[in-house]
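J.: Take a look at the following structure, please.
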Amino acid sequence: MTDPSRKKVLLGLTGGIAAYKAAELVRRLTERGIEVQVVMTEAACGFITPATLQALSGNPVFTDMWDTRVASGMAHIELSRGTDAIVVAPATADFIAKLVHGLADDLLSTLALARECPLLVAPAMNRQMWDHPATQRNIAQIKRDGVIVLGPASGDQACGEVGMGRMIEAEEIAEAVSAFLAPKLLAGARVLITAGPTFEPIDAVRGITNRSSGKMGYAVARAALEAGAEVTLISGPVSLPAPAGAKVTQVETAAQMFEAVKRHVARTDIYIGVAAVADYRVDKPRQHKIKKTVEPQLQLKLVPNPDILGWVAARPKPPFCAGFAAESRNLDAYADQKRRRKNVQLMVANLAQQAIGADDNEVTLLDDAGTHRLERAPKEVVARQIIAHIAKLYGAKRRKAK
Ligand code: C5P
C-alpha cells in the first residue's frame, strides 16, 4: 500500500535535449521520498525512452490521452488526482507558449490545464529562443498565472552556443520541488544557525580547529528554509555552497562567531548551535610564522572561548535554543548534562566518530520529555526531522507564553 503522507509529483517531460537530465531528476526526487508519476510528450520520447523513466520511477509512464490502462478512460483527469504538484522538466518554449494560451492537444498539456495542484516548470531551450520577446512575454504571463518557474541557467548549450536557457541541474530542481512541498512548520520564524568548525590561529599560517565539515549545520539551515523560516547562517570555514535563501555570514574564530551571534540574536526566535566551536583559543597568537629553527620547542597557552550557546540561552528573554553535542562515549548522559548546564530546550546528540564528515548521521533528541532516537539517515533527512521536532517544541513554548 502506498503511504498516504508520501508526497506525489507528476513529472512531465517535453521534447528537449535536457530530457536526459530527467532520469537523474526522477532519482533525486524518489531519494527524497517523493513518489513520481512520469508523463511524456511524443517529442520527449525522441530524446529518452519511457522504459528508462519507468524503471527509475517504479511507475508506468503515460504518453497518450487514450491510454487504456486508465480505467475511466480519462487519463488527463485521473493521472493528476492526489498529486501534490505537476513539474514539467524540461519545459520547451513551445510547451510554455501552450500554457499561456491554455492549449490542450496532448496528455501533458491537458493535465496542465485540468489540474487542481500547483505547476512548476523548468525551462530548457537555446539562448535565442529564451531571449526572444515572445518567450519572455510568455514567461511573464505564466508567472502571473501562478506557475512557478525554476531557472533557467546560463552556460554551455547542446547546440554549442553559450548563454541563458539551459535547464538547471536535476539536484537543484529536486531541491526546489521538495522545498515547495515541505510543510511550512516554521513560517514567519526567524532562525539563527551556527555551523562548521571555528579556526583559532597559532601564528600567521597555523591554527587549531575542530573536525567538522559543516554538512549537518548546512542541512539544518536548508530544512529550516524549507519549513518557511527566515534563516541567518553564521558559518565557520567550510567548503559548502551557501543554502539558497539564507543570509550567510562567514567567520573564522569563535570570537568572530560570538560577535556575529550577538549582532543577530535580538532578532531571533529560534537559535540552533550546530557549530563545533573550539573550546580553547591560543592566548596571544603570533603575527608572523613561528620558525622552528628559532624555537625548536613550543608551548602554547590556551584560554577558554566563550560558550556562545550558553550565553544565548542565559539572555533575559532568550530565543528557543537547541544545541548539538558530539561525544565519543556515554552519549545520552553527557548530552543531557550539557542540555541542563546550558539550559537549552533541546540537545541533539550524536557520536563524533559516526557523524564527522559523513553524509549520514544517527542522532538522539533530548528534551524535557525524554529521549527520542532517530534512525540513521542522510543528514538532509535527519535535519528535516530535527526541524519538525523544534517546530513542535517551539509551538508549544509559544502557546504556553500566551
Ligand atoms: O562543545 P560542546 O559539546 O559544549 O557543544 C555543545 C553545544 O554548544 C553545541 O551546540 C555548540 O555549538 C555549542 N557551543 C558554543 N560555544 C562553545 C562551545 C560549544 O556555542 N564555546
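So you can find residues: chains in the C-alpha cells are A, B, ... in the order shown, residues in each start at 1, and ligands are numbered from 1 in order.
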Which polymer residues have any atom within 7 Å of an atom of Val88 in chain A, counting only C-alpha atoms, with same-chain residues fewer than 5 positions away left out, as JSON, numbers by chain?

T.: {"A": [11, 12, 13, 120, 121, 122]}

J.: Could the residues in this selection be written to a file with N, CA and C atoms, as a JSON list (two decimals), in the first residue's frame?

T.:
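The resulting again.json:
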```json
[["chain", "number", "residue", "atom", "x", "y", "z"],
["A", 11, "LEU", "N", 5.61, 14.22, -12.98],
["A", 11, "LEU", "CA", 6.73, 14.83, -13.71],
["A", 11, "LEU", "C", 6.47, 14.74, -15.21],
["A", 12, "GLY", "N", 6.35, 15.90, -15.85],
["A", 12, "GLY", "CA", 6.11, 15.94, -17.29],
["A", 12, "GLY", "C", 7.39, 16.24, -18.04],
["A", 13, "LEU", "N", 7.62, 15.51, -19.11],
["A", 13, "LEU", "CA", 8.81, 15.77, -19.95],
["A", 13, "LEU", "C", 8.34, 16.23, -21.31],
["A", 120, "LEU", "N", 4.92, 23.66, -11.63],
["A", 120, "LEU", "CA", 6.29, 24.19, -11.64],
["A", 120, "LEU", "C", 6.90, 23.81, -12.97],
["A", 121, "VAL", "N", 7.60, 24.72, -13.61],
["A", 121, "VAL", "CA", 8.24, 24.38, -14.88],
["A", 121, "VAL", "C", 9.72, 24.76, -14.85],
["A", 122, "ALA", "N", 10.54, 23.93, -15.49],
["A", 122, "ALA", "CA", 11.97, 24.21, -15.61],
["A", 122, "ALA", "C", 12.28, 24.40, -17.10]]
```

J.: Select the residues contacting ligand 1 at a distance of at most 8 Å, based on only C-alpha atoms and all ligand atoms, then format the selection as a PyMOL selection string.

T.: chain A and resi 194-195+254+272-280+304-311+322-327+335+338+342+347

J.: Create the file for the chosen residues now, containing N, CA and C atoms and written as a compact mmCIF listing (two decimals), in the first residue's frame.

T.:
```
# COMPACT_ATOMS: atom_id res chain seq x y z
N THR A 194 24.34 28.38 13.75
CA THR A 194 25.80 28.39 13.56
C THR A 194 26.20 27.03 13.01
N ALA A 195 27.24 27.02 12.16
CA ALA A 195 27.63 25.75 11.53
C ALA A 195 29.13 25.72 11.28
N ALA A 254 36.09 31.59 17.03
CA ALA A 254 34.94 31.55 17.94
C ALA A 254 34.55 32.98 18.34
N ILE A 272 19.89 27.79 16.82
CA ILE A 272 20.34 26.40 16.74
C ILE A 272 21.87 26.41 16.59
N GLY A 273 22.55 25.98 17.63
CA GLY A 273 24.01 25.97 17.61
C GLY A 273 24.50 24.62 17.11
N VAL A 274 24.82 24.56 15.84
CA VAL A 274 25.32 23.29 15.29
C VAL A 274 26.86 23.34 15.20
N ALA A 275 27.40 24.55 15.25
CA ALA A 275 28.85 24.70 15.05
C ALA A 275 29.66 23.93 16.10
N ALA A 276 30.79 23.40 15.65
CA ALA A 276 31.74 22.77 16.56
C ALA A 276 32.72 23.87 16.96
N VAL A 277 32.31 24.64 17.98
CA VAL A 277 33.12 25.79 18.40
C VAL A 277 34.34 25.27 19.17
N ALA A 278 35.50 25.78 18.83
CA ALA A 278 36.70 25.36 19.57
C ALA A 278 36.57 25.83 21.01
N ASP A 279 36.81 24.95 21.94
CA ASP A 279 36.65 25.32 23.35
C ASP A 279 37.77 26.25 23.82
N TYR A 280 38.92 26.15 23.15
CA TYR A 280 40.06 27.00 23.55
C TYR A 280 40.61 27.76 22.35
N PRO A 304 40.12 29.67 27.49
CA PRO A 304 38.79 29.21 27.05
C PRO A 304 38.07 30.23 26.18
N ASN A 305 37.32 29.73 25.23
CA ASN A 305 36.46 30.58 24.42
C ASN A 305 35.12 30.75 25.12
N PRO A 306 34.38 31.82 24.79
CA PRO A 306 33.06 31.97 25.40
C PRO A 306 32.13 30.84 24.92
N ASP A 307 31.23 30.41 25.78
CA ASP A 307 30.23 29.43 25.37
C ASP A 307 29.08 30.21 24.73
N ILE A 308 29.03 30.17 23.42
CA ILE A 308 28.06 31.01 22.69
C ILE A 308 26.63 30.57 22.99
N LEU A 309 26.39 29.28 22.88
CA LEU A 309 25.04 28.75 23.13
C LEU A 309 24.61 29.07 24.57
N GLY A 310 25.53 28.84 25.52
CA GLY A 310 25.20 29.10 26.92
C GLY A 310 24.84 30.58 27.12
N TRP A 311 25.58 31.45 26.44
CA TRP A 311 25.33 32.89 26.55
C TRP A 311 23.95 33.25 25.98
N ALA A 322 18.47 25.40 20.77
CA ALA A 322 18.81 23.99 20.55
C ALA A 322 20.31 23.90 20.32
N GLY A 323 20.93 22.86 20.88
CA GLY A 323 22.37 22.65 20.70
C GLY A 323 22.65 21.27 20.15
N PHE A 324 23.87 21.08 19.72
CA PHE A 324 24.33 19.77 19.24
C PHE A 324 25.47 19.31 20.13
N ALA A 325 25.44 18.06 20.52
CA ALA A 325 26.54 17.54 21.33
C ALA A 325 27.16 16.36 20.60
N ALA A 326 28.43 16.48 20.29
CA ALA A 326 29.16 15.35 19.71
C ALA A 326 29.99 14.74 20.82
N GLU A 327 29.79 13.49 21.08
CA GLU A 327 30.53 12.81 22.15
C GLU A 327 31.14 11.55 21.56
N ALA A 335 25.28 14.27 26.93
CA ALA A 335 24.48 15.26 26.18
C ALA A 335 23.40 15.86 27.08
N LYS A 338 24.83 18.35 29.38
CA LYS A 338 25.08 19.59 28.63
C LYS A 338 23.79 20.40 28.46
N LYS A 342 23.61 24.07 30.04
CA LYS A 342 23.48 25.25 29.17
C LYS A 342 22.05 25.79 29.18
N MET A 347 18.71 19.22 23.03
CA MET A 347 20.09 18.89 22.68
C MET A 347 20.04 17.72 21.70
```

J.: So which residues touch Arg267 in chain A within 12 Å, counting only C-alpha atoms, skipping near sequence neighbours fewer than 2 positions away, as a PyMOL selection string?

T.: chain A and resi 189-192+230-232+261-265+269-271+317-319

J.: For range 165-172 of chain A, please output as a list in words all residues within 6 Å (counting only C-alpha atoms; exclusion window: fewer than 6 positions along the same chain).

T.: Leu25, Pro123, Ala124, Met125, Asn126, Arg127, Trp130, Gly151, Pro152 and Ala153 of chain A

J.: Go ahead and save the residues from that selection, with all heavy atoms, as a short mmCIF file (atom, residue, chain, number, x, y, z; two decimals), in the first residue's frame.

T.:
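Final file, selection-v6.cif:
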```
data_model
loop_
_atom_site.label_atom_id
_atom_site.label_comp_id
_atom_site.auth_asym_id
_atom_site.auth_seq_id
_atom_site.Cartn_x
_atom_site.Cartn_y
_atom_site.Cartn_z
N LEU A 25 16.71 13.39 -12.41
CA LEU A 25 15.72 14.10 -11.59
C LEU A 25 14.77 13.11 -10.90
O LEU A 25 14.44 13.28 -9.72
CB LEU A 25 14.93 15.09 -12.47
CG LEU A 25 13.79 15.85 -11.79
CD1 LEU A 25 14.27 16.61 -10.56
CD2 LEU A 25 13.12 16.81 -12.77
N PRO A 123 12.31 25.66 -17.57
CA PRO A 123 12.52 25.89 -18.99
C PRO A 123 13.89 25.38 -19.46
O PRO A 123 14.87 25.41 -18.71
CB PRO A 123 12.46 27.42 -19.13
CG PRO A 123 11.80 27.90 -17.89
CD PRO A 123 12.13 26.91 -16.82
N ALA A 124 13.91 24.93 -20.71
CA ALA A 124 15.17 24.46 -21.32
C ALA A 124 15.09 24.77 -22.80
O ALA A 124 14.20 24.25 -23.48
CB ALA A 124 15.34 22.96 -21.10
N MET A 125 15.97 25.62 -23.26
CA MET A 125 15.94 25.95 -24.69
C MET A 125 17.22 26.69 -25.09
O MET A 125 17.99 27.13 -24.22
CB MET A 125 14.72 26.82 -25.02
CG MET A 125 14.70 28.16 -24.34
SD MET A 125 13.06 28.92 -24.33
CE MET A 125 12.20 27.97 -23.10
N ASN A 126 17.41 26.81 -26.37
CA ASN A 126 18.52 27.56 -26.93
C ASN A 126 18.41 29.04 -26.52
O ASN A 126 17.31 29.54 -26.31
CB ASN A 126 18.47 27.37 -28.46
CG ASN A 126 19.14 28.47 -29.20
OD1 ASN A 126 18.53 29.51 -29.46
ND2 ASN A 126 20.40 28.27 -29.53
N ARG A 127 19.55 29.71 -26.40
CA ARG A 127 19.54 31.06 -25.82
C ARG A 127 18.72 32.05 -26.65
O ARG A 127 18.08 32.96 -26.11
CB ARG A 127 20.97 31.58 -25.61
CG ARG A 127 21.72 31.89 -26.85
CD ARG A 127 23.10 32.46 -26.62
NE ARG A 127 23.77 32.54 -27.90
CZ ARG A 127 23.65 33.57 -28.73
NH1 ARG A 127 22.93 34.60 -28.39
NH2 ARG A 127 24.26 33.54 -29.90
N TRP A 130 15.17 31.55 -25.82
CA TRP A 130 14.89 32.11 -24.49
C TRP A 130 14.80 33.64 -24.55
O TRP A 130 13.90 34.25 -23.97
CB TRP A 130 15.96 31.69 -23.50
CG TRP A 130 15.80 32.36 -22.16
CD1 TRP A 130 16.55 33.38 -21.67
CD2 TRP A 130 14.80 32.10 -21.17
NE1 TRP A 130 16.10 33.76 -20.43
CE2 TRP A 130 15.01 32.98 -20.10
CE3 TRP A 130 13.73 31.19 -21.09
CZ2 TRP A 130 14.20 32.99 -18.96
CZ3 TRP A 130 12.93 31.20 -19.94
CH2 TRP A 130 13.17 32.09 -18.91
N GLY A 151 14.62 28.36 -12.79
CA GLY A 151 15.66 28.62 -13.77
C GLY A 151 15.13 29.49 -14.89
O GLY A 151 14.18 30.23 -14.69
N PRO A 152 15.73 29.41 -16.10
CA PRO A 152 16.84 28.53 -16.47
C PRO A 152 18.19 29.07 -15.98
O PRO A 152 18.24 30.13 -15.34
CB PRO A 152 16.79 28.55 -18.00
CG PRO A 152 16.27 29.92 -18.32
CD PRO A 152 15.30 30.27 -17.22
N ALA A 153 19.27 28.38 -16.38
CA ALA A 153 20.61 28.83 -16.03
C ALA A 153 21.33 29.25 -17.31
O ALA A 153 20.87 28.99 -18.42
CB ALA A 153 21.36 27.70 -15.35
#
```

J.: I'd like the contact shell of Asp105 in chain A - 12 Å cut-off, only C-alpha atoms, skipping same-chain residues fewer than 6 positions apart - returned as a count of residues only.

T.: 11

J.: With a distance cut-off of 12 Å and only C-alpha atoms, select the neighbouring residues of Ala369 in chain A, excluding the residue or stretch itself and same-chain residues fewer than 6 positions from it, and output the selection as a list of chain:residue names.

T.: A:Asp336, A:Gln345, A:Leu346, A:Met347, A:His389, A:Leu393
